[in-house]
Structure formats: structure tokens, C-alpha cells
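Peer 1: So I've got this file, upload18.csv, and it contains CSV, C-alpha atoms:
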```
chain,number,residue,atom,x,y,z
A,1,MET,CA,-58.0,-26.0,-37.5
A,2,ASN,CA,-60.1,-28.4,-35.4
A,3,GLU,CA,-61.1,-26.7,-32.2
A,4,HIS,CA,-60.1,-29.8,-30.2
A,5,LEU,CA,-56.5,-29.5,-31.4
A,6,GLN,CA,-55.9,-26.5,-29.2
A,7,PRO,CA,-52.5,-24.8,-29.3
A,8,SER,CA,-52.0,-25.7,-25.6
A,9,LYS,CA,-52.4,-29.4,-26.4
A,10,LEU,CA,-50.2,-29.2,-29.5
A,11,SER,CA,-47.6,-27.3,-27.4
A,12,LYS,CA,-47.7,-30.1,-24.9
A,13,GLY,CA,-47.1,-32.7,-27.6
A,14,GLY,CA,-44.2,-30.7,-28.9
A,15,GLY,CA,-42.8,-30.5,-25.4
A,16,VAL,CA,-42.9,-34.3,-25.1
A,17,ALA,CA,-41.0,-34.7,-28.4
A,18,ALA,CA,-38.5,-32.0,-27.4
A,19,LYS,CA,-37.7,-33.8,-24.1
A,20,SER,CA,-37.4,-37.1,-26.0
A,21,PHE,CA,-34.9,-35.5,-28.4
A,22,SER,CA,-32.7,-34.1,-25.6
A,23,ILE,CA,-32.8,-37.4,-23.7
A,24,LEU,CA,-32.0,-39.5,-26.7
A,25,VAL,CA,-29.0,-37.3,-27.7
A,26,LEU,CA,-27.6,-37.7,-24.2
A,27,VAL,CA,-28.1,-41.5,-24.3
A,28,GLY,CA,-26.5,-41.6,-27.8
A,29,VAL,CA,-23.4,-39.7,-26.6
A,30,PHE,CA,-23.1,-41.9,-23.5
A,31,GLU,CA,-23.4,-45.1,-25.4
A,32,ALA,CA,-21.0,-44.0,-28.2
A,33,PHE,CA,-18.4,-42.9,-25.6
A,34,VAL,CA,-18.6,-46.2,-23.6
A,35,GLY,CA,-18.6,-48.1,-26.9
A,36,LEU,CA,-15.5,-46.5,-28.1
A,37,VAL,CA,-13.7,-46.9,-24.8
A,38,SER,CA,-14.7,-50.6,-24.4
A,39,GLY,CA,-14.4,-51.4,-28.1
A,40,SER,CA,-18.0,-52.7,-28.4
A,41,VAL,CA,-19.3,-52.1,-31.9
A,42,GLY,CA,-22.8,-53.2,-30.8
A,43,LEU,CA,-22.9,-50.4,-28.2
A,44,ILE,CA,-21.6,-47.9,-30.7
A,45,ALA,CA,-24.3,-49.0,-33.2
A,46,ASP,CA,-26.9,-48.6,-30.5
A,47,GLY,CA,-25.6,-45.2,-29.7
A,48,ALA,CA,-25.8,-44.2,-33.4
A,49,HIS,CA,-29.3,-45.6,-33.4
A,50,SER,CA,-30.2,-43.4,-30.5
A,51,PHE,CA,-29.0,-40.4,-32.5
A,52,ALA,CA,-31.3,-41.5,-35.4
A,53,ASP,CA,-34.2,-41.8,-33.0
A,54,ALA,CA,-33.5,-38.4,-31.6
A,55,ALA,CA,-33.8,-37.1,-35.2
A,56,VAL,CA,-37.3,-38.8,-35.4
A,57,SER,CA,-38.3,-37.0,-32.2
A,58,LEU,CA,-37.0,-33.8,-33.7
A,59,ILE,CA,-39.1,-34.4,-36.8
A,60,VAL,CA,-42.2,-34.9,-34.6
A,61,TRP,CA,-41.5,-31.7,-32.8
A,62,LEU,CA,-41.0,-29.8,-36.0
A,63,GLY,CA,-44.1,-31.4,-37.5
A,64,ILE,CA,-46.3,-30.4,-34.5
A,65,ARG,CA,-44.8,-26.9,-34.5
A,66,PHE,CA,-45.2,-26.3,-38.2
A,67,SER,CA,-48.7,-27.8,-38.2
A,68,ARG,CA,-49.9,-24.9,-36.0
A,69,LYS,CA,-49.0,-22.4,-38.8
A,70,ALA,CA,-52.0,-20.9,-40.5
A,71,PRO,CA,-52.3,-21.2,-44.3
A,72,ASP,CA,-50.7,-18.3,-46.2
A,73,GLY,CA,-50.4,-17.0,-49.7
A,74,LYS,CA,-48.1,-19.8,-50.8
A,75,PHE,CA,-49.3,-22.8,-48.8
A,76,HIS,CA,-53.0,-22.4,-49.1
A,77,PHE,CA,-53.8,-25.7,-47.3
A,78,GLY,CA,-51.3,-25.1,-44.5
A,79,TYR,CA,-48.1,-26.9,-43.5
A,80,TYR,CA,-49.4,-30.2,-42.3
A,81,ARG,CA,-47.3,-32.2,-44.8
A,82,VAL,CA,-44.0,-30.8,-43.5
A,83,GLU,CA,-43.9,-33.6,-41.0
A,84,THR,CA,-44.5,-36.2,-43.7
A,85,PHE,CA,-41.7,-34.8,-46.0
A,86,SER,CA,-39.3,-34.6,-43.1
A,87,SER,CA,-40.0,-38.2,-42.2
A,88,ILE,CA,-38.8,-39.3,-45.6
A,89,VAL,CA,-35.6,-37.2,-45.2
A,90,ALA,CA,-35.0,-38.7,-41.8
A,91,ALA,CA,-35.6,-42.2,-43.1
A,92,LEU,CA,-33.0,-41.7,-45.9
A,93,PHE,CA,-30.6,-40.4,-43.3
A,94,MET,CA,-31.2,-43.5,-41.2
A,95,ILE,CA,-30.6,-45.8,-44.1
A,96,GLY,CA,-27.2,-44.2,-44.7
A,97,LEU,CA,-26.4,-44.6,-41.0
A,98,GLY,CA,-27.5,-48.2,-41.2
A,99,PHE,CA,-25.1,-48.9,-44.0
A,100,ILE,CA,-22.3,-47.4,-42.1
A,101,ILE,CA,-23.0,-49.5,-39.0
A,102,LEU,CA,-23.4,-52.6,-41.2
A,103,TYR,CA,-20.1,-52.0,-42.9
A,104,GLU,CA,-18.2,-51.3,-39.7
A,105,SER,CA,-19.7,-54.3,-38.0
A,106,TYR,CA,-18.7,-56.5,-40.9
A,107,GLN,CA,-15.1,-55.2,-40.8
A,108,ILE,CA,-14.8,-55.8,-37.1
A,109,LEU,CA,-16.4,-59.3,-37.6
A,110,LEU,CA,-13.5,-60.2,-39.9
A,111,TYR,CA,-11.0,-59.0,-37.3
A,112,ALA,CA,-12.9,-59.7,-34.1
A,113,ARG,CA,-11.4,-58.3,-30.9
A,114,GLN,CA,-12.1,-58.7,-27.2
A,115,ILE,CA,-14.2,-56.1,-25.5
A,116,VAL,CA,-12.6,-54.1,-22.8
A,117,ASN,CA,-14.6,-53.3,-19.6
A,118,ALA,CA,-17.5,-55.4,-20.8
A,119,GLU,CA,-19.4,-54.9,-17.6
A,120,SER,CA,-19.5,-51.2,-18.1
A,121,ALA,CA,-20.7,-51.7,-21.7
A,122,MET,CA,-23.4,-54.1,-20.5
A,123,VAL,CA,-24.6,-51.7,-17.7
A,124,THR,CA,-24.7,-48.9,-20.3
A,125,ALA,CA,-26.8,-51.0,-22.6
A,126,LEU,CA,-29.2,-51.9,-19.8
A,127,ILE,CA,-29.5,-48.2,-18.8
A,128,ALA,CA,-30.3,-47.3,-22.4
A,129,THR,CA,-33.0,-50.1,-22.4
A,130,ALA,CA,-34.6,-48.8,-19.3
A,131,ILE,CA,-34.6,-45.2,-20.6
A,132,ALA,CA,-36.1,-46.3,-23.9
A,133,LEU,CA,-38.9,-48.3,-22.1
A,134,ALA,CA,-39.7,-45.3,-19.9
A,135,LEU,CA,-39.8,-43.0,-22.9
A,136,SER,CA,-42.1,-45.3,-24.7
A,137,PHE,CA,-44.6,-45.3,-21.8
A,138,TYR,CA,-44.3,-41.5,-21.4
A,139,LYS,CA,-45.0,-40.9,-25.1
A,140,LEU,CA,-47.9,-43.4,-25.3
A,141,ARG,CA,-49.6,-41.8,-22.3
A,142,ALA,CA,-49.1,-38.3,-23.7
A,143,ALA,CA,-50.2,-39.4,-27.2
A,144,LYS,CA,-53.4,-40.9,-25.8
A,145,LYS,CA,-54.1,-37.8,-23.7
A,146,ILE,CA,-53.8,-35.3,-26.6
A,147,ASP,CA,-54.7,-37.8,-29.4
A,148,SER,CA,-51.6,-37.2,-31.4
A,149,LEU,CA,-50.9,-39.7,-34.2
A,150,ALA,CA,-47.4,-38.3,-34.7
A,151,LEU,CA,-46.5,-38.7,-31.0
A,152,ARG,CA,-47.9,-42.2,-31.0
A,153,THR,CA,-45.6,-43.1,-33.9
A,154,ASP,CA,-42.7,-41.7,-32.0
A,155,ALA,CA,-43.7,-43.9,-29.0
A,156,LEU,CA,-43.7,-47.0,-31.1
A,157,ASN,CA,-40.3,-46.0,-32.3
A,158,SER,CA,-39.1,-45.9,-28.7
A,159,ILE,CA,-40.5,-49.5,-28.2
A,160,LYS,CA,-38.2,-50.5,-31.0
A,161,ASP,CA,-35.3,-48.9,-29.1
A,162,VAL,CA,-35.8,-51.3,-26.3
A,163,LEU,CA,-35.2,-54.2,-28.6
A,164,THR,CA,-32.1,-52.7,-30.2
A,165,SER,CA,-30.6,-51.9,-26.8
A,166,LEU,CA,-31.3,-55.4,-25.6
A,167,THR,CA,-29.7,-56.7,-28.7
A,168,ALA,CA,-26.5,-54.7,-27.9
A,169,PHE,CA,-26.6,-56.0,-24.3
A,170,LEU,CA,-26.9,-59.7,-25.4
A,171,GLY,CA,-24.1,-59.3,-28.0
A,172,ILE,CA,-21.7,-57.9,-25.4
A,173,ALA,CA,-22.8,-60.6,-22.8
A,174,PHE,CA,-22.2,-63.5,-25.2
A,175,SER,CA,-18.9,-62.0,-26.4
A,176,HIS,CA,-17.6,-61.6,-22.8
A,177,TYR,CA,-19.0,-64.6,-20.9
A,178,LEU,CA,-19.2,-67.2,-23.6
A,179,GLY,CA,-16.1,-66.1,-25.4
A,180,ILE,CA,-17.8,-65.8,-28.7
A,181,ILE,CA,-16.3,-62.4,-29.6
A,182,GLN,CA,-18.1,-62.2,-33.0
A,183,THR,CA,-21.5,-61.8,-31.3
A,184,ASP,CA,-20.8,-58.1,-30.6
A,185,SER,CA,-20.3,-57.5,-34.3
A,186,ILE,CA,-23.4,-59.6,-35.2
A,187,ALA,CA,-25.4,-57.4,-32.7
A,188,GLY,CA,-24.2,-54.3,-34.7
A,189,MET,CA,-25.5,-55.9,-37.9
A,190,ILE,CA,-28.9,-56.8,-36.3
A,191,ILE,CA,-29.2,-53.2,-35.2
A,192,ALA,CA,-28.5,-52.0,-38.7
A,193,PHE,CA,-31.3,-54.2,-40.0
A,194,PHE,CA,-33.6,-52.8,-37.4
A,195,ILE,CA,-32.8,-49.4,-38.8
A,196,PHE,CA,-33.5,-50.6,-42.3
A,197,ALA,CA,-36.9,-52.0,-41.3
A,198,VAL,CA,-38.0,-48.9,-39.6
A,199,SER,CA,-36.8,-46.7,-42.5
A,200,TYR,CA,-38.6,-48.9,-45.0
A,201,PHE,CA,-42.0,-48.6,-43.2
A,202,THR,CA,-41.5,-44.9,-42.6
A,203,ILE,CA,-40.9,-44.2,-46.3
A,204,LYS,CA,-43.8,-46.5,-47.3
A,205,GLU,CA,-46.2,-44.8,-45.0
A,206,ALA,CA,-45.0,-41.3,-45.8
A,207,SER,CA,-45.2,-42.0,-49.6
A,208,LEU,CA,-48.8,-43.1,-49.3
A,209,VAL,CA,-49.7,-39.9,-47.4
A,210,LEU,CA,-48.0,-37.8,-50.0
A,211,MET,CA,-50.0,-39.6,-52.7
A,212,ASP,CA,-53.3,-38.8,-50.8
A,213,ALA,CA,-53.9,-42.4,-49.7
A,214,CYS,CA,-56.1,-42.9,-46.7
A,215,SER,CA,-56.8,-46.4,-45.6
A,216,CYS,CA,-59.5,-45.6,-43.0
A,217,PRO,CA,-62.7,-47.5,-43.8
A,218,GLU,CA,-63.8,-47.2,-40.1
A,219,ILE,CA,-63.8,-43.4,-40.3
A,220,VAL,CA,-65.6,-43.4,-43.6
A,221,SER,CA,-68.3,-45.6,-42.2
A,222,ASP,CA,-68.6,-43.5,-39.0
A,223,ILE,CA,-68.8,-40.3,-41.0
A,224,GLU,CA,-71.6,-41.7,-43.2
A,225,ASN,CA,-73.6,-42.7,-40.1
A,226,ILE,CA,-73.1,-39.2,-38.6
A,227,ALA,CA,-74.5,-37.6,-41.8
A,228,LYS,CA,-77.4,-40.0,-42.0
A,229,SER,CA,-78.3,-39.3,-38.4
A,230,ILE,CA,-79.0,-35.6,-39.3
A,231,HIS,CA,-82.7,-34.9,-39.9
A,232,TYR,CA,-83.7,-34.2,-43.5
A,233,VAL,CA,-80.6,-36.0,-45.0
A,234,ARG,CA,-81.9,-38.5,-47.6
A,235,ARG,CA,-78.7,-39.9,-49.0
A,236,VAL,CA,-74.9,-39.7,-48.4
A,237,GLN,CA,-72.5,-40.2,-51.3
A,238,ASN,CA,-68.8,-39.8,-52.3
A,239,ILE,CA,-67.1,-39.6,-49.0
A,240,ARG,CA,-63.4,-38.8,-49.7
A,241,LEU,CA,-60.6,-38.5,-47.2
A,242,ARG,CA,-56.9,-37.7,-47.5
A,243,LYS,CA,-54.1,-37.3,-44.9
A,244,LEU,CA,-52.2,-34.1,-44.4
A,245,GLY,CA,-49.3,-35.1,-42.1
A,246,PRO,CA,-50.9,-36.5,-38.9
A,247,TYR,CA,-54.3,-34.9,-39.8
A,248,VAL,CA,-57.2,-35.8,-42.1
A,249,VAL,CA,-59.3,-33.6,-44.5
A,250,GLY,CA,-62.2,-34.7,-46.6
A,251,ASP,CA,-65.5,-33.9,-48.3
A,252,MET,CA,-68.7,-35.6,-49.3
A,253,HIS,CA,-72.0,-35.1,-51.1
A,254,VAL,CA,-75.3,-35.1,-49.2
A,255,GLU,CA,-78.7,-35.1,-50.7
A,256,VAL,CA,-81.6,-33.3,-49.0
A,257,ASP,CA,-85.1,-32.3,-49.9
A,258,GLY,CA,-84.9,-30.0,-53.0
A,259,ASN,CA,-87.6,-27.7,-51.6
A,260,MET,CA,-85.4,-26.6,-48.7
A,261,THR,CA,-84.2,-23.0,-48.5
A,262,VAL,CA,-80.5,-22.1,-48.8
A,263,THR,CA,-80.5,-21.2,-45.1
A,264,GLU,CA,-81.9,-24.5,-44.0
A,265,ALA,CA,-79.4,-26.4,-46.2
A,266,ASP,CA,-76.6,-24.4,-44.8
A,267,LYS,CA,-77.6,-25.3,-41.3
A,268,ILE,CA,-77.5,-29.0,-42.2
A,269,THR,CA,-74.0,-28.5,-43.7
A,270,VAL,CA,-72.7,-26.7,-40.6
A,271,GLU,CA,-74.2,-29.4,-38.3
A,272,ILE,CA,-72.7,-32.3,-40.1
A,273,GLU,CA,-69.2,-30.6,-40.3
A,274,GLU,CA,-69.2,-29.7,-36.6
A,275,LYS,CA,-70.3,-33.2,-35.5
A,276,ILE,CA,-67.6,-34.9,-37.6
A,277,LYS,CA,-64.9,-32.6,-36.1
A,278,GLN,CA,-66.2,-33.3,-32.6
A,279,GLU,CA,-66.1,-37.0,-33.2
A,280,PHE,CA,-62.6,-37.1,-34.8
A,281,ASP,CA,-59.9,-34.9,-33.4
A,282,GLU,CA,-57.6,-35.7,-36.4
A,283,VAL,CA,-60.1,-34.3,-38.9
A,284,VAL,CA,-59.1,-30.6,-39.3
A,285,GLU,CA,-61.2,-29.8,-42.3
A,286,PHE,CA,-64.3,-31.3,-43.8
A,287,LYS,CA,-66.6,-29.9,-46.5
A,288,VAL,CA,-70.1,-31.0,-47.2
A,289,ARG,CA,-71.7,-30.4,-50.5
A,290,ILE,CA,-75.5,-30.2,-50.5
A,291,GLU,CA,-77.5,-31.5,-53.5
A,292,PRO,CA,-81.2,-32.0,-54.1
A,293,TYR,CA,-82.5,-35.5,-53.5
A,294,LYS,CA,-82.9,-37.4,-56.7
A,295,THR,CA,-85.8,-39.9,-56.4
A,296,GLN,CA,-84.9,-43.2,-58.1
A,297,THR,CA,-87.7,-44.3,-60.4
A,298,LYS,CA,-88.2,-47.7,-61.8
A,299,ASP,CA,-88.5,-48.3,-65.6
```
In C-alpha cells, what does this structure look like?

Peer 2:
Amino acid sequence: MNEHLQPSKLSKGGGVAAKSFSILVLVGVFEAFVGLVSGSVGLIADGAHSFADAAVSLIVWLGIRFSRKAPDGKFHFGYYRVETFSSIVAALFMIGLGFIILYESYQILLYARQIVNAESAMVTALIATAIALALSFYKLRAAKKIDSLALRTDALNSIKDVLTSLTAFLGIAFSHYLGIIQTDSIAGMIIAFFIFAVSYFTIKEASLVLMDACSCPEIVSDIENIAKSIHYVRRVQNIRLRKLGPYVVGDMHVEVDGNMTVTEADKITVEIEEKIKQEFDEVVEFKVRIEPYKTQTKD
């Protein structure tokens, strides 16, 4: 594993995700309880959405935890993709939850009812908004500090929570103060579509990772420049990268003077690999294949 991804840093990232999970579960319970008491389907939907986001934080925590496991006799390349696979499972769970929220919101839309204790429901939605905003800043700061892609994704998910909680608040407010009681149900439907959108992009990104896709031309260009900066390197070819969960592995061919000794070629290989890992914390493994330089002759 990349020496920059020290266990202490990974533990800190897991700690952030674990705290997020606990807070979101409490927020979800509180919102669901107030929603049931007040009869606000929008608040119930946002509470259910908080539970779904807690599952995302749990996945990030599990992903970081499992990513620290060393390769073994069965998983020769490690456990990096546990997080990616778990993301798909969570997204499918969220889609099912979204359909339930959508169905219940539609049923209540047909038989709209007045919200009881609307002020309490609105205050609850605002508290949930403030907590989601605080969590997003907390996760973004931690993700930047430890350079965790998974935690950064979780932070963006918390920013989405701010929008869904505000949607629930507006639905309750319009229903109570404007007398348009259907807006609460409409808010529940909007939240369901928020869930569908996040689930779609999660499955899309995870599927690309599982198929070894890596859309990272900037990294490829930087790696090529690093290799070319090493003395005696004549040509760089076939740079290949693929994602393993939040990390990246890769390889490339480097041509050097064919008269070099094996020891000298090995030193170049080690130097290139170390510089790449120092430059990119997400690169946990990179292999350089040394070949003799082939002079191109004109016919």
C-alpha cells in the first residue's frame, strides 16, 4: 500500500464516516418520529432519506476498513473493490426505498390531509438541514486533509441532504401557511427523485470502476512527465490505469539504453515507481516494465 495512506490516516477517515453514520441515524429517527406525529409525509421521506445516507456513510467506513486488509491467498490484489460492490448494493437499497416513498407520497396526495403541529415539523426539517450542512463541511475538510476520494463522495452526498431537508421544510411551510396541503406530498415525491438520481450516478460510477474504467487523462499525462524526467529514460509507452475502489493501480513500458545493466535498469524502475506514489496518494501500486530503446530508422 502507498506509504502516504498510513493506517492512522485511514483510521481517521473511518472515524469520520462512523460519526456521520451515528449522527444520520439519530437524525433519521428524529425526523421519522416527528413526521409520524405531525402527519408530514415530506418529513418522513426526509427521515428515510437520512437512513439511506447513513447506509452510504457505513459503506464508506466499511470500504476504508476493508481497504486496509492485506492481500491473501484468495484475494491476491486486496480488498479495494469491496467499497465499490457495497456501493451498488446500497444504491439498489436506496432505489427500493425511493419507490416506497414515492408510492406513499402519491397515496397521501390523493387523500391529502392537514399537517398537525406544522411548526414542530418545520423546526425539525431546519435542524436536519443545519446538521447536514455541518456534516458536509466536516467531511470535506477531513477528505482534503487525508486525501480520501471515498470520504469526499460521502461529503457531496451530505450536500445533497441539505437540498432534500430544505425541500421537506418548504413542502410543510407551503402546506401550513398557504393552505396547499398537497405540497407536503409533492415534497415527498421530489425527495424520492433525489434518491433515484443519486442511486443512478452511484451505480453508473461503480459499474465503470468494476469494468476497470479510469477516466483520468490528467494523471496519465503527469505520470508520463514524471517518467520522462528520469535520467536515461528515452521513451514512455502504454500507460494503463484502473481503479480499485477509491484507489488506482497501473503499469507502463519505459524504454532505456539497451546497454544498461540489470541493476541500473532496476534503479530507474524503483525511482519512477516511488516518484509516482509520492505524487499521487491514490496510486497504491504501479509497475514499470523496462525495455531496450528501439531506434526508429527511416526507410

Peer 1: Report as a Markdown table: every residue of stretch 71-158 of chain A with an atom at most 9 Å from stretch 31-45 of chain A, its closest pair of atoms, and their distance in Å to one decimal, counting only C-alpha atoms, with rows sorted by chain and ascending residue number.

Peer 2:
```
| residue | atom | partner | partner_atom | distance |
| --- | --- | --- | --- | --- |
| A:Gly98 | CA | A:Ala45 | CA | 8.7 |
| A:Ile101 | CA | A:Ala45 | CA | 6.0 |
| A:Leu102 | CA | A:Ala45 | CA | 8.8 |
| A:Glu104 | CA | A:Val41 | CA | 7.9 |
| A:Ser105 | CA | A:Val41 | CA | 6.5 |
| A:Ile108 | CA | A:Val41 | CA | 7.8 |
| A:Arg113 | CA | A:Gly39 | CA | 8.0 |
| A:Gln114 | CA | A:Gly39 | CA | 7.7 |
| A:Ile115 | CA | A:Gly39 | CA | 5.4 |
| A:Val116 | CA | A:Ser38 | CA | 4.4 |
| A:Asn117 | CA | A:Ser38 | CA | 5.5 |
| A:Ala118 | CA | A:Ser38 | CA | 6.6 |
| A:Ser120 | CA | A:Val34 | CA | 7.5 |
| A:Ala121 | CA | A:Val34 | CA | 6.2 |
| A:Met122 | CA | A:Leu43 | CA | 8.6 |
| A:Thr124 | CA | A:Glu31 | CA | 6.5 |
| A:Ala125 | CA | A:Leu43 | CA | 6.9 |
| A:Ala128 | CA | A:Glu31 | CA | 7.8 |
```

Peer 1: Nearest residue to A:Glu119 out of A:Ser86, A:Tyr138, A:Leu170, A:Leu92, using all atoms listed in the file?

Peer 2: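 Of the candidates, the smallest distance to A:Glu119 is held by A:Leu170.
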
Peer 1: In Å, how far is it from atom CA of A:Val233 to atom CA of A:Val220?

Peer 2: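 Taking atom CA of A:Val233 and atom CA of A:Val220, their separation equals 16.8 Å.
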
Peer 1: What lies within 12 Å of A:Ala265 using only C-alpha atoms, ignoring chain neighbours under 6 positions off, as a VMD selection string?

Peer 2: chain A and resid 230 to 233 254 to 259 271 to 272 288 to 292

Peer 1: Which residue gives the smallest distance to A:Leu156 among A:Ile276, A:Ile219, A:Leu24, A:Val56, with only C-alpha atoms counted?

Peer 2: A:Val56

Peer 1: Set the distance at 12 Å and use only C-alpha atoms: which residues neighbour A:Ala155 once local chain neighbours fewer than 2 positions away are removed? I'd like the list as an mmCIF file with C-alpha atoms, in the frame of the given file.

Peer 2:
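Writing done, so here's out.cif:
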```cif
data_model
loop_
_atom_site.group_PDB
_atom_site.id
_atom_site.type_symbol
_atom_site.label_atom_id
_atom_site.label_comp_id
_atom_site.auth_asym_id
_atom_site.auth_seq_id
_atom_site.Cartn_x
_atom_site.Cartn_y
_atom_site.Cartn_z
ATOM 1 C CA GLY A 13 -47.100 -32.700 -27.600
ATOM 2 C CA VAL A 16 -42.900 -34.300 -25.100
ATOM 3 C CA ALA A 17 -41.000 -34.700 -28.400
ATOM 4 C CA SER A 20 -37.400 -37.100 -26.000
ATOM 5 C CA ASP A 53 -34.200 -41.800 -33.000
ATOM 6 C CA ALA A 54 -33.500 -38.400 -31.600
ATOM 7 C CA VAL A 56 -37.300 -38.800 -35.400
ATOM 8 C CA SER A 57 -38.300 -37.000 -32.200
ATOM 9 C CA VAL A 60 -42.200 -34.900 -34.600
ATOM 10 C CA ALA A 132 -36.100 -46.300 -23.900
ATOM 11 C CA LEU A 133 -38.900 -48.300 -22.100
ATOM 12 C CA ALA A 134 -39.700 -45.300 -19.900
ATOM 13 C CA LEU A 135 -39.800 -43.000 -22.900
ATOM 14 C CA SER A 136 -42.100 -45.300 -24.700
ATOM 15 C CA PHE A 137 -44.600 -45.300 -21.800
ATOM 16 C CA TYR A 138 -44.300 -41.500 -21.400
ATOM 17 C CA LYS A 139 -45.000 -40.900 -25.100
ATOM 18 C CA LEU A 140 -47.900 -43.400 -25.300
ATOM 19 C CA ARG A 141 -49.600 -41.800 -22.300
ATOM 20 C CA ALA A 142 -49.100 -38.300 -23.700
ATOM 21 C CA ALA A 143 -50.200 -39.400 -27.200
ATOM 22 C CA LYS A 144 -53.400 -40.900 -25.800
ATOM 23 C CA SER A 148 -51.600 -37.200 -31.400
ATOM 24 C CA LEU A 149 -50.900 -39.700 -34.200
ATOM 25 C CA ALA A 150 -47.400 -38.300 -34.700
ATOM 26 C CA LEU A 151 -46.500 -38.700 -31.000
ATOM 27 C CA ARG A 152 -47.900 -42.200 -31.000
ATOM 28 C CA THR A 153 -45.600 -43.100 -33.900
ATOM 29 C CA ASN A 157 -40.300 -46.000 -32.300
ATOM 30 C CA SER A 158 -39.100 -45.900 -28.700
ATOM 31 C CA ILE A 159 -40.500 -49.500 -28.200
ATOM 32 C CA LYS A 160 -38.200 -50.500 -31.000
ATOM 33 C CA ASP A 161 -35.300 -48.900 -29.100
ATOM 34 C CA VAL A 162 -35.800 -51.300 -26.300
#
```

Peer 1: Measuring atom to atom with only C-alpha atoms, identify which of A:Gln107, A:Ser207, A:Thr167, A:Ser175 is nearest to A:Val89.

Peer 2: A:Ser207

Peer 1: Contacts of A:His49 at 8 Å or less, counting all atoms listed in the file, minus same-chain residues fewer than 6 places along, as a compact mmCIF listing (two decimals) with C-alpha atoms, in the frame of the given file?

Peer 2:
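Listing of around-v8.txt after writing:
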```
# COMPACT_ATOMS: atom_id res chain seq x y z
CA GLY A 28 -26.50 -41.60 -27.80
CA ILE A 191 -29.20 -53.20 -35.20
CA ILE A 195 -32.80 -49.40 -38.80
```

Peer 1: Figure out the distance between atom CA of A:Asp251 and atom CA of A:Asn238, please, to one decimal in Å.

Peer 2: 7.9 Å

Peer 1: Between atom CA of A:Val82 and atom CA of A:Lys275, what is the distance, to one decimal in Å?

Peer 2: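 Distance between the two atoms: 27.6 Å.
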
Peer 1: When you count all atoms listed in the file, which of these residues is closest to A:Ser199: A:Leu166, A:Leu58, A:Met94, A:Val25?

Peer 2: A:Met94

Peer 1: I need the residue nearest A:Ala55 from this list: A:Glu224, A:Leu26, A:Ala91, A:Arg81. Use only C-alpha atoms for the distance.

Peer 2: A:Ala91

Peer 1: Please provide as number ranges by chain all residues within 6 Å of A:Val283, with the sequence filter that same-chain residues fewer than 5 positions apart are discarded (counting only C-alpha atoms).

Peer 2: A: 247-249, 277

Peer 1: From the options A:Tyr293, A:Phe286, A:Phe280, A:Tyr200, which residue's atoms come nearest to A:Ser87, counting all atoms listed in the file?

Peer 2: A:Tyr200
